[in-house]
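**Student:** Next comes structure15.cif, mmCIF, N, CA and C atoms:
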data_target
loop_
_atom_site.label_atom_id
_atom_site.label_comp_id
_atom_site.auth_asym_id
_atom_site.auth_seq_id
_atom_site.Cartn_x
_atom_site.Cartn_y
_atom_site.Cartn_z
N MET A 1 8.78 -11.30 4.51
CA MET A 1 7.61 -10.99 3.71
C MET A 1 7.43 -9.47 3.67
N ASN A 2 7.18 -8.93 2.46
CA ASN A 2 7.04 -7.48 2.36
C ASN A 2 5.59 -7.05 2.56
N ILE A 3 5.39 -5.75 2.66
CA ILE A 3 4.06 -5.20 2.95
C ILE A 3 3.08 -5.54 1.84
N LYS A 4 3.51 -5.45 0.60
CA LYS A 4 2.63 -5.74 -0.53
C LYS A 4 2.08 -7.16 -0.44
N GLU A 5 2.92 -8.12 -0.14
CA GLU A 5 2.48 -9.51 -0.01
C GLU A 5 1.48 -9.66 1.13
N LEU A 6 1.75 -8.99 2.24
CA LEU A 6 0.83 -9.07 3.38
C LEU A 6 -0.52 -8.46 3.04
N LEU A 7 -0.52 -7.32 2.33
CA LEU A 7 -1.79 -6.70 1.93
C LEU A 7 -2.56 -7.58 0.97
N LEU A 8 -1.86 -8.24 0.06
CA LEU A 8 -2.52 -9.10 -0.92
C LEU A 8 -3.12 -10.36 -0.30
N ASN A 9 -2.68 -10.72 0.90
CA ASN A 9 -3.28 -11.85 1.62
C ASN A 9 -4.69 -11.53 2.09
N GLY A 10 -5.00 -10.26 2.20
CA GLY A 10 -6.34 -9.84 2.62
C GLY A 10 -7.25 -9.59 1.43
N GLN A 11 -8.53 -9.84 1.61
CA GLN A 11 -9.49 -9.68 0.53
C GLN A 11 -9.75 -8.24 0.15
N SER A 12 -9.78 -7.34 1.11
CA SER A 12 -10.17 -5.96 0.82
C SER A 12 -9.18 -5.26 -0.10
N PHE A 13 -7.89 -5.48 0.08
CA PHE A 13 -6.90 -4.84 -0.78
C PHE A 13 -6.97 -5.41 -2.19
N SER A 14 -7.15 -6.70 -2.30
CA SER A 14 -7.30 -7.34 -3.62
C SER A 14 -8.52 -6.80 -4.35
N GLU A 15 -9.60 -6.59 -3.62
CA GLU A 15 -10.82 -6.03 -4.22
C GLU A 15 -10.61 -4.60 -4.68
N LEU A 16 -9.87 -3.83 -3.90
CA LEU A 16 -9.56 -2.45 -4.28
C LEU A 16 -8.81 -2.43 -5.60
N LEU A 17 -7.83 -3.30 -5.75
CA LEU A 17 -7.08 -3.37 -7.01
C LEU A 17 -7.97 -3.77 -8.17
N LYS A 18 -8.89 -4.70 -7.94
CA LYS A 18 -9.82 -5.12 -9.00
C LYS A 18 -10.71 -3.97 -9.45
N GLN A 19 -11.15 -3.14 -8.51
CA GLN A 19 -12.02 -2.00 -8.84
C GLN A 19 -11.34 -1.03 -9.79
N PHE A 20 -10.02 -0.93 -9.69
CA PHE A 20 -9.27 0.00 -10.53
C PHE A 20 -8.53 -0.73 -11.66
N SER A 21 -8.81 -2.01 -11.85
CA SER A 21 -8.19 -2.83 -12.90
C SER A 21 -6.67 -2.81 -12.83
N ILE A 22 -6.16 -3.01 -11.63
CA ILE A 22 -4.72 -3.01 -11.40
C ILE A 22 -4.28 -4.42 -11.02
N ALA A 23 -3.27 -4.93 -11.71
CA ALA A 23 -2.71 -6.24 -11.40
C ALA A 23 -1.76 -6.10 -10.21
N ALA A 24 -1.65 -7.16 -9.42
CA ALA A 24 -0.78 -7.14 -8.24
C ALA A 24 0.67 -6.84 -8.61
N ASP A 25 1.11 -7.29 -9.76
CA ASP A 25 2.50 -7.03 -10.19
C ASP A 25 2.75 -5.56 -10.50
N ASP A 26 1.67 -4.80 -10.73
CA ASP A 26 1.80 -3.38 -11.08
C ASP A 26 1.59 -2.46 -9.89
N VAL A 27 1.82 -2.97 -8.69
CA VAL A 27 1.65 -2.20 -7.46
C VAL A 27 3.01 -1.96 -6.83
N LYS A 28 3.22 -0.72 -6.40
CA LYS A 28 4.46 -0.36 -5.72
C LYS A 28 4.11 0.46 -4.48
N ILE A 29 4.64 0.06 -3.35
CA ILE A 29 4.44 0.81 -2.11
C ILE A 29 5.64 1.73 -1.95
N GLN A 30 5.35 3.03 -2.00
CA GLN A 30 6.43 4.00 -1.94
C GLN A 30 7.10 3.97 -0.55
N ASP A 31 8.41 3.99 -0.56
CA ASP A 31 9.23 4.01 0.66
C ASP A 31 9.02 2.79 1.55
N GLU A 32 8.71 1.65 0.95
CA GLU A 32 8.47 0.43 1.73
C GLU A 32 9.70 0.05 2.56
N ASP A 33 10.87 0.16 1.99
CA ASP A 33 12.09 -0.18 2.73
C ASP A 33 12.28 0.70 3.95
N VAL A 34 11.96 1.97 3.81
CA VAL A 34 12.10 2.91 4.92
C VAL A 34 11.10 2.57 6.02
N ILE A 35 9.88 2.23 5.64
CA ILE A 35 8.84 1.88 6.61
C ILE A 35 9.27 0.67 7.43
N LEU A 36 9.81 -0.33 6.77
CA LEU A 36 10.16 -1.58 7.45
C LEU A 36 11.43 -1.49 8.28
N THR A 37 12.24 -0.46 8.08
CA THR A 37 13.50 -0.35 8.82
C THR A 37 13.47 0.73 9.89
N GLU A 38 12.33 1.30 10.16
CA GLU A 38 12.23 2.35 11.18
C GLU A 38 12.73 1.82 12.53
N GLN A 39 13.60 2.57 13.16
CA GLN A 39 14.16 2.17 14.45
C GLN A 39 13.13 2.21 15.57
N ASN A 40 12.13 3.09 15.47
CA ASN A 40 11.16 3.21 16.56
C ASN A 40 10.13 2.08 16.55
N PHE A 41 10.25 1.12 15.63
CA PHE A 41 9.34 -0.03 15.62
C PHE A 41 9.79 -1.11 16.59
N GLU A 42 10.98 -0.98 17.12
CA GLU A 42 11.54 -2.01 17.98
C GLU A 42 10.68 -2.31 19.20
N HIS A 43 10.01 -1.32 19.73
CA HIS A 43 9.24 -1.51 20.96
C HIS A 43 7.74 -1.47 20.72
N LYS A 44 7.31 -1.60 19.45
CA LYS A 44 5.90 -1.55 19.12
C LYS A 44 5.48 -2.85 18.46
N GLU A 45 4.29 -3.30 18.78
CA GLU A 45 3.73 -4.48 18.12
C GLU A 45 2.93 -4.07 16.89
N ILE A 46 2.18 -2.98 17.01
CA ILE A 46 1.34 -2.50 15.91
C ILE A 46 1.82 -1.12 15.48
N VAL A 47 1.95 -0.96 14.17
CA VAL A 47 2.46 0.29 13.61
C VAL A 47 1.40 0.90 12.70
N LYS A 48 1.22 2.20 12.80
CA LYS A 48 0.37 2.95 11.88
C LYS A 48 1.27 3.92 11.14
N GLU A 49 1.17 3.90 9.82
CA GLU A 49 2.03 4.74 9.01
C GLU A 49 1.24 5.27 7.82
N SER A 50 1.35 6.56 7.53
CA SER A 50 0.74 7.13 6.32
C SER A 50 1.58 6.71 5.13
N ILE A 51 0.92 6.18 4.10
CA ILE A 51 1.66 5.69 2.94
C ILE A 51 0.96 6.07 1.64
N CYS A 52 1.70 5.92 0.56
CA CYS A 52 1.18 6.08 -0.79
C CYS A 52 1.48 4.79 -1.55
N ILE A 53 0.45 4.25 -2.18
CA ILE A 53 0.59 3.04 -2.98
C ILE A 53 0.32 3.41 -4.43
N GLU A 54 1.26 3.09 -5.30
CA GLU A 54 1.12 3.42 -6.72
C GLU A 54 0.75 2.16 -7.50
N GLY A 55 -0.29 2.28 -8.30
CA GLY A 55 -0.71 1.18 -9.16
C GLY A 55 -0.83 1.64 -10.59
N LYS A 56 -0.55 0.75 -11.53
CA LYS A 56 -0.64 1.09 -12.95
C LYS A 56 -1.68 0.21 -13.61
N ASN A 57 -2.48 0.84 -14.48
CA ASN A 57 -3.43 0.09 -15.29
C ASN A 57 -3.35 0.62 -16.73
N ASN A 58 -4.26 0.19 -17.59
CA ASN A 58 -4.23 0.59 -19.00
C ASN A 58 -4.43 2.08 -19.21
N GLU A 59 -5.09 2.74 -18.27
CA GLU A 59 -5.40 4.16 -18.41
C GLU A 59 -4.30 5.07 -17.86
N GLY A 60 -3.43 4.52 -17.02
CA GLY A 60 -2.38 5.35 -16.44
C GLY A 60 -1.99 4.87 -15.05
N ILE A 61 -1.76 5.83 -14.18
CA ILE A 61 -1.30 5.55 -12.82
C ILE A 61 -2.37 5.97 -11.83
N VAL A 62 -2.57 5.16 -10.80
CA VAL A 62 -3.48 5.49 -9.71
C VAL A 62 -2.67 5.49 -8.43
N ASN A 63 -2.70 6.59 -7.71
CA ASN A 63 -2.03 6.70 -6.42
C ASN A 63 -3.08 6.63 -5.32
N PHE A 64 -2.91 5.67 -4.42
CA PHE A 64 -3.80 5.52 -3.27
C PHE A 64 -3.09 6.10 -2.05
N PHE A 65 -3.79 6.95 -1.31
CA PHE A 65 -3.25 7.55 -0.11
C PHE A 65 -4.03 7.04 1.09
N GLY A 66 -3.33 6.71 2.16
CA GLY A 66 -4.04 6.22 3.34
C GLY A 66 -3.09 5.82 4.45
N THR A 67 -3.63 5.00 5.34
CA THR A 67 -2.89 4.57 6.51
C THR A 67 -2.67 3.07 6.46
N LEU A 68 -1.44 2.68 6.69
CA LEU A 68 -1.10 1.27 6.79
C LEU A 68 -1.14 0.89 8.27
N HIS A 69 -1.90 -0.14 8.59
CA HIS A 69 -1.92 -0.71 9.93
C HIS A 69 -1.18 -2.03 9.81
N TYR A 70 -0.05 -2.15 10.51
CA TYR A 70 0.84 -3.28 10.33
C TYR A 70 1.12 -3.90 11.69
N ASN A 71 0.76 -5.18 11.86
CA ASN A 71 1.01 -5.90 13.09
C ASN A 71 2.31 -6.68 12.91
N LEU A 72 3.36 -6.22 13.55
CA LEU A 72 4.68 -6.81 13.39
C LEU A 72 4.76 -8.23 13.95
N LEU A 73 4.04 -8.49 15.03
CA LEU A 73 4.10 -9.79 15.68
C LEU A 73 3.42 -10.87 14.83
N ASN A 74 2.24 -10.57 14.32
CA ASN A 74 1.46 -11.55 13.55
C ASN A 74 1.65 -11.45 12.05
N LYS A 75 2.46 -10.49 11.61
CA LYS A 75 2.71 -10.29 10.17
C LYS A 75 1.40 -10.09 9.40
N LEU A 76 0.59 -9.15 9.87
CA LEU A 76 -0.67 -8.79 9.23
C LEU A 76 -0.61 -7.32 8.83
N ALA A 77 -1.23 -7.00 7.69
CA ALA A 77 -1.26 -5.61 7.23
C ALA A 77 -2.63 -5.29 6.65
N VAL A 78 -3.11 -4.08 6.96
CA VAL A 78 -4.37 -3.58 6.44
C VAL A 78 -4.14 -2.16 5.94
N PHE A 79 -4.68 -1.84 4.77
CA PHE A 79 -4.58 -0.50 4.21
C PHE A 79 -5.93 0.18 4.33
N GLU A 80 -5.95 1.34 4.98
CA GLU A 80 -7.16 2.14 5.13
C GLU A 80 -7.04 3.33 4.18
N MET A 81 -7.76 3.25 3.05
CA MET A 81 -7.64 4.29 2.04
C MET A 81 -8.38 5.56 2.46
N GLN A 82 -7.72 6.70 2.25
CA GLN A 82 -8.32 7.97 2.56
C GLN A 82 -8.55 8.81 1.31
N GLY A 83 -7.96 8.40 0.20
CA GLY A 83 -8.15 9.12 -1.05
C GLY A 83 -7.29 8.53 -2.14
N PHE A 84 -7.53 8.99 -3.37
CA PHE A 84 -6.74 8.52 -4.50
C PHE A 84 -6.71 9.59 -5.57
N GLU A 85 -5.76 9.44 -6.49
CA GLU A 85 -5.69 10.31 -7.66
C GLU A 85 -5.36 9.46 -8.87
N LYS A 86 -5.96 9.82 -9.99
CA LYS A 86 -5.67 9.15 -11.25
C LYS A 86 -4.83 10.07 -12.11
N ILE A 87 -3.78 9.51 -12.69
CA ILE A 87 -2.92 10.27 -13.59
C ILE A 87 -2.97 9.57 -14.94
N ASN A 88 -3.58 10.23 -15.91
CA ASN A 88 -3.74 9.66 -17.23
C ASN A 88 -2.44 9.85 -18.01
N THR A 89 -1.79 8.76 -18.37
CA THR A 89 -0.51 8.85 -19.08
C THR A 89 -0.68 9.18 -20.55
N ALA A 90 -1.92 9.14 -21.05
CA ALA A 90 -2.17 9.43 -22.47
C ALA A 90 -2.62 10.87 -22.69
N GLN A 91 -2.48 11.71 -21.68
CA GLN A 91 -2.90 13.11 -21.82
C GLN A 91 -2.03 13.84 -22.82
N ALA A 92 -2.68 14.65 -23.63
CA ALA A 92 -1.94 15.47 -24.60
C ALA A 92 -1.58 16.80 -23.97
N CYS A 93 -0.42 17.32 -24.26
CA CYS A 93 0.01 18.60 -23.69
C CYS A 93 -0.54 19.76 -24.49
#
Could you take the file, read its structure, and then write that structure out as structure tokens?

**Tutor:**
Amino acid sequence: MNIKELLLNGQSFSELLKQFSIAADDVKIQDEDVILTEQNFEHKEIVKESICIEGKNNEGIVNFFGTLHYNLLNKLAVFEMQGFEKINTAQAC
């Protein structure tokens, strides 16, 4: 199970996506493969990692910045948002 699926199992992450009108299919966790393959996770049950989550909606791209709290033993994940940025794809140059 990937991090995105684990986050979507929780209500708070789903609500965050609803607030920004982002569908679950339009969410990408940057460097997810790298996060899950870290060698130093072997001896840890709970991992904290700074991450960026990219979501797309009708207005453009929203990047969420924060901390991922990931319990490897119980397969639980929580995203603690610390900030976000909106990138309007319809901006004129």

**Student:** The PyMOL selection byres (((chain A and resi 73 and name CA) around 8) and name CA) - which residues does that actually catch in the file I just gave you? List them as a VMD selection string.

**Tutor:** chain A and resid 45 to 46 71 to 72 74 to 75

**Student:** If you run DSSP on the backbone here, which positions in chain A get helix (DSSP H, G or I)? Please write them as number ranges by chain.

**Tutor:** A: 3-8, 11-19, 24-26, 32-36, 39-41

**Student:** As a check of understanding, name the residues that the PyMOL selection byres (((chain A and resi 51 and name CA) around 7) and name CA) selects in the supplied structure, as a ChimeraX atom specification.

**Tutor:** /A:49-50,52-53,65-68

**Student:** What is the atom CA of A:Glu54 to atom CA of A:Lys28 distance in Å?

**Tutor:**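 Taking atom CA of A:Glu54 as the start and atom CA of A:Lys28 as the end point, the length is 5.1 Å.
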
**Student:** Evaluate the PyMOL selection byres ((chain A and resi 57) around 8) against this structure - the residues, as a list in words, please.

**Tutor:**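 For this structure, the PyMOL selection byres ((chain A and resi 57) around 8) resolves to Phe20, Ser21, Ile22, Ala23, Asp26, Glu54, Gly55, Lys56, Asn58, Glu59, Gly60, Ile61 and Val62 of chain A.
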
**Student:** Return as an NGL selection string the full set of residues in stretch 17-47 of chain A whose backbone-based DSSP assignment is strand (DSSP E or B).

**Tutor:** :A and (27-29 or 46-47)

**Student:** Restricting it to N, CA and C atoms, dump the selection as a PDB file, in the coordinates of the input.

**Tutor:**
ATOM      1  N   VAL A  27       1.820  -2.970  -8.690  1.00  0.00           N
ATOM      2  CA  VAL A  27       1.650  -2.200  -7.460  1.00  0.00           C
ATOM      3  C   VAL A  27       3.010  -1.960  -6.830  1.00  0.00           C
ATOM      4  N   LYS A  28       3.220  -0.720  -6.400  1.00  0.00           N
ATOM      5  CA  LYS A  28       4.460  -0.360  -5.720  1.00  0.00           C
ATOM      6  C   LYS A  28       4.110   0.460  -4.480  1.00  0.00           C
ATOM      7  N   ILE A  29       4.640   0.060  -3.350  1.00  0.00           N
ATOM      8  CA  ILE A  29       4.440   0.810  -2.110  1.00  0.00           C
ATOM      9  C   ILE A  29       5.640   1.730  -1.950  1.00  0.00           C
ATOM     10  N   ILE A  46       2.180  -2.980  17.010  1.00  0.00           N
ATOM     11  CA  ILE A  46       1.340  -2.500  15.910  1.00  0.00           C
ATOM     12  C   ILE A  46       1.820  -1.120  15.480  1.00  0.00           C
ATOM     13  N   VAL A  47       1.950  -0.960  14.170  1.00  0.00           N
ATOM     14  CA  VAL A  47       2.460   0.290  13.610  1.00  0.00           C
ATOM     15  C   VAL A  47       1.400   0.900  12.700  1.00  0.00           C
TER      16      VAL A  47
END

**Student:** By how many Å are atom CA of A:Ala24 and atom CA of A:Lys44 apart?

**Tutor:**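 If I compute the distance from atom CA of A:Ala24 to atom CA of A:Lys44, I get 28.7 Å.
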